[in-house]
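S.K.: After the structure tokens below, expect a handful of questions from me.
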Amino acid sequence: MSHFKTAEEAAAAGKYVRTVRSFVKREGRLTKGQAAAIERLWPSVGLTLENGRLDLGAVFGRQAPVTLEIGFGMGHSLVEMAANAPERDFIGIEVHEPGIGACLMAAEEAEVENFRVFHEDAVEVLKQCIPDKSLNCVQIFFPDPWHKKRHHKRRIVQPEFVQLLIQKIETDGVIHLATDWENYAEHMLEVLNDEPRLTNLSSSGDYVPRPDNRPKTKFERRGEGKGHGVWDLQFKIN
Ligand SMILES: C[S@@+](CC[C@H](N)C(=O)[O-])C[C@H]1O[C@@H](n2cnc3c(N)ncnc32)[C@H](O)[C@@H]1O
């Protein structure tokens with residue numbers, strides 16, 4: 001048993017502290033195409049925590065509204081949305097390396113350039129690299145549902161995380177979440193509703209119809225094939 005009362009106390013004393021994470025590092029193997037795409041594109045589109053607090057105007061070479069996508073998987077939605085909205089800039093964050101590779105391959109094929117990617121934990125990127133009130137939209141599509149009750153604490157959408165998002169989004173900016181897990185949708189709604197700095201954009205006070213600009217990912221199609229419903233939530237920062 002540890003004699004430290006809090007994780008902070010233990011960390012201050014130099015102890016290694018295990019924090020709750022929303023992901024498990026999977027050892028995925030890169031395909032040759034993914035590895036080659038990373039080698040070619042990473043120098044121009046890759047960002048790391050070592051970049052520190054970003055000057056987004058300098059990163060993209062212009063001032064444009066920025067969308068941040070957390071946990072983009074294979075990058076299908078990120079690349080399609082960036083291709084469909086050349087007037088906006090996009091930042092994607094994903095911890096799974098084959099996803100980074102697949103995203104860069106797709107971006108190269110679509111000749112999309114208004115995006116950057118981090119291969120890091122989104123919580124650390126938000127804390128260390130994203131300036132306050134700099135984002136126009138944060139989107140998280142089909143985050144890991146962690147469906148067993150004892151794993152619910154691993155769900156990325158939690159009050160503390162939402163506070164961090166609000167801090168990084170400009171006034172009138174939007175948080176857009178989607179899930180095919182009803183119990184997680186209810187949890188998301190509860191967490192976002194509890195935040196006085198947010199206004200629900202749903203006219204029925206709960207979910208919004210699937211927005212046209214959200215591309216269908218492979219993950220979503222698979223869910224649909226199994227008969228899952230899909231819930232979209234959009235909240236505006238006051
Ligand atoms: C269930 S998948 C959905 C992927 C994609 N959005 C889609 O709809 O196909 C969730 C993704 O979130 C990523 N992820 C989970 N926690 C993360 C975190 N803290 N930072 C970055 N990525 C994360 C996982 O690696 C995984 O690829």
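Starting from 1 in every chain, residues are counted up; chains themselves are A, B, ... following the order of the structure tokens, and ligands are numbered from 1 as listed.
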Could you pull out the residues sitting within 8 Å of ligand 1, using only C-alpha atoms and all ligand atoms, and write them as a PyMOL selection string?

M.R.: chain A and resi 21-25+70-77+93-96+99+119-123+140-145+156+216-220

S.K.: Using only C-alpha atoms, please write the residues we just selected to a file, as a tab-separated table (two decimals), in the first residue's frame.

M.R.:
chain	number	residue	atom	x	y	z
A	21	ARG	CA	-5.97	6.58	-19.94
A	22	SER	CA	-8.70	6.38	-22.58
A	23	PHE	CA	-6.68	3.95	-24.70
A	24	VAL	CA	-4.48	0.88	-24.52
A	25	LYS	CA	-1.36	0.96	-26.66
A	70	ILE	CA	-9.45	13.41	-31.44
A	71	GLY	CA	-8.98	9.67	-32.05
A	72	PHE	CA	-9.35	9.82	-35.84
A	73	GLY	CA	-8.75	6.06	-36.27
A	74	MET	CA	-7.68	5.52	-39.89
A	75	GLY	CA	-8.27	9.19	-40.69
A	76	HIS	CA	-11.17	8.80	-43.12
A	77	SER	CA	-13.31	11.53	-41.59
A	93	ILE	CA	-4.68	13.31	-32.94
A	94	GLU	CA	-4.34	9.53	-32.81
A	95	VAL	CA	-2.29	7.17	-30.62
A	96	HIS	CA	-2.42	4.17	-32.97
A	99	GLY	CA	-3.96	4.93	-38.14
A	119	HIS	CA	0.81	10.78	-32.77
A	120	GLU	CA	0.20	11.43	-29.07
A	121	ASP	CA	-2.33	11.25	-26.23
A	122	ALA	CA	-4.92	13.97	-26.95
A	123	VAL	CA	-5.01	15.03	-23.29
A	140	ILE	CA	-14.64	13.02	-31.39
A	141	PHE	CA	-16.30	10.33	-33.46
A	142	PHE	CA	-16.96	6.90	-32.00
A	143	PRO	CA	-14.57	7.10	-29.04
A	144	ASP	CA	-13.81	3.77	-27.37
A	145	PRO	CA	-17.01	3.01	-25.41
A	156	ILE	CA	-12.48	10.07	-22.70
A	216	LYS	CA	-19.31	7.82	-42.47
A	217	THR	CA	-16.25	5.92	-41.23
A	218	LYS	CA	-15.58	2.20	-41.64
A	219	PHE	CA	-16.17	1.89	-37.92
A	220	GLU	CA	-19.64	3.44	-38.22

S.K.: Show which residues sit within 7 Å of stretch 200-212 of chain A, as a PyMOL selection string. Count only C-alpha atoms, and ignore same-chain residues fewer than 6 positions away.

M.R.: chain A and resi 189+231-236

S.K.: What does the structure give for the distance between atom CA of A:Lys32 and atom CA of A:Ile100, in Å to one decimal?

M.R.: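 Here the two named atoms are 13.1 Å from each other.
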
S.K.: In Å to one decimal, how far is atom CA of A:Glu27 from atom CA of A:Asp180?

M.R.: 25.2 Å

S.K.: Just list the residues in stretch 60-228 of chain A DSSP gives alpha helix (DSSP H) on the backbone, as a ChimeraX atom specification.

M.R.: /A:60,76-84,97-110,122-129,159-168,182-193,218-225

S.K.: Using only C-alpha atoms, which residue out of A:Ile130, A:Leu30, A:Leu165, A:Val230 lies closest to A:Leu56?

M.R.: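 Using only C-alpha atoms, the shortest distance to A:Leu56 belongs to A:Ile130.
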
S.K.: Please provide as a list in words all residues within 8 Å of A:Pro131, with the sequence filter that same-chain residues fewer than 2 positions apart are discarded (counting only C-alpha atoms).

M.R.: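 Selected residues are Arg53, Leu54, Asp55, Cys129, Lys133, Ser134 and Lys168 of chain A.
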
S.K.: Between atom CA of A:Ala35 and atom CA of A:Cys103, what distance in Å does the model show, to one decimal?

M.R.: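 Rounded to one decimal, the two atoms are 11.3 Å apart.
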
S.K.: May I have the residues within 9 Å of A:Val157 as a list of chain:residue names, using only C-alpha atoms and disregarding those fewer than 6 positions away in the same chain?

M.R.: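 Once the adjacent positions are removed, what remains is A:Pro143, A:Tyr184, A:His187, A:Met188, A:Val191, A:Leu192.
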
S.K.: How about saving the chosen residues, C-alpha atoms kept, as a PDB file, in the first residue's frame?

M.R.:
ATOM      1  CA  PRO A 143     -14.571   7.100 -29.042  1.00  0.00           C
ATOM      2  CA  TYR A 184     -22.146   6.304 -23.728  1.00  0.00           C
ATOM      3  CA  HIS A 187     -23.251   9.700 -20.394  1.00  0.00           C
ATOM      4  CA  MET A 188     -21.994  12.317 -22.930  1.00  0.00           C
ATOM      5  CA  VAL A 191     -21.613  15.501 -18.828  1.00  0.00           C
ATOM      6  CA  LEU A 192     -22.188  18.229 -21.471  1.00  0.00           C
TER       7      LEU A 192
END

S.K.: To test your reading of the structure, identify every residue in stretch 66-225 of chain A that backbone DSSP assigns to strand (DSSP E), and report it as a ChimeraX atom specification.

M.R.: /A:66-70,89-93,115-118,135-141,169-179,198-200

S.K.: For each of A:Ile91, A:Leu135, A:Val162, A:Ala58, take the minimum atom-to-atom distance to A:Arg116, counting only C-alpha atoms, then give the residue where this is smallest.

M.R.: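 Checking each of A:Ile91, A:Leu135, A:Val162, A:Ala58 against A:Arg116, counting only C-alpha atoms, the winner is A:Ile91.
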
S.K.: I want to know what sits within 12 Å of A:Ala82, based on only C-alpha atoms, with residues of the same chain fewer than 5 positions away left out; could you give that as a list in words?

M.R.: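 In the requested format, the answer is Pro65, Val66, Thr67, Leu68, Glu69, Gly75, His76, Ser77, Glu87, Arg88, Asp89, Phe90, Ile91, Gly92, Cys103, Ala106, Ala107, Ala110, Glu111, Val112, Glu113, Asn114, Phe115, Arg116, Asn213, Arg214 and Pro215 of chain A.
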
S.K.: At a cut-off of 9 Å, can you tabulate as JSON lines every residue of stretch 116-210 of chain A near stretch 222-229 of chain A together with its closest atom pair and the distance in Å to one decimal, using only C-alpha atoms and ordering rows by chain then number?

M.R.:
{"residue": "A:Thr179", "atom": "CA", "partner": "A:Gly229", "partner_atom": "CA", "distance": 8.5}
{"residue": "A:Asp180", "atom": "CA", "partner": "A:Gly229", "partner_atom": "CA", "distance": 5.4}
{"residue": "A:Trp181", "atom": "CA", "partner": "A:Gly229", "partner_atom": "CA", "distance": 7.5}
{"residue": "A:Glu182", "atom": "CA", "partner": "A:Gly229", "partner_atom": "CA", "distance": 7.6}
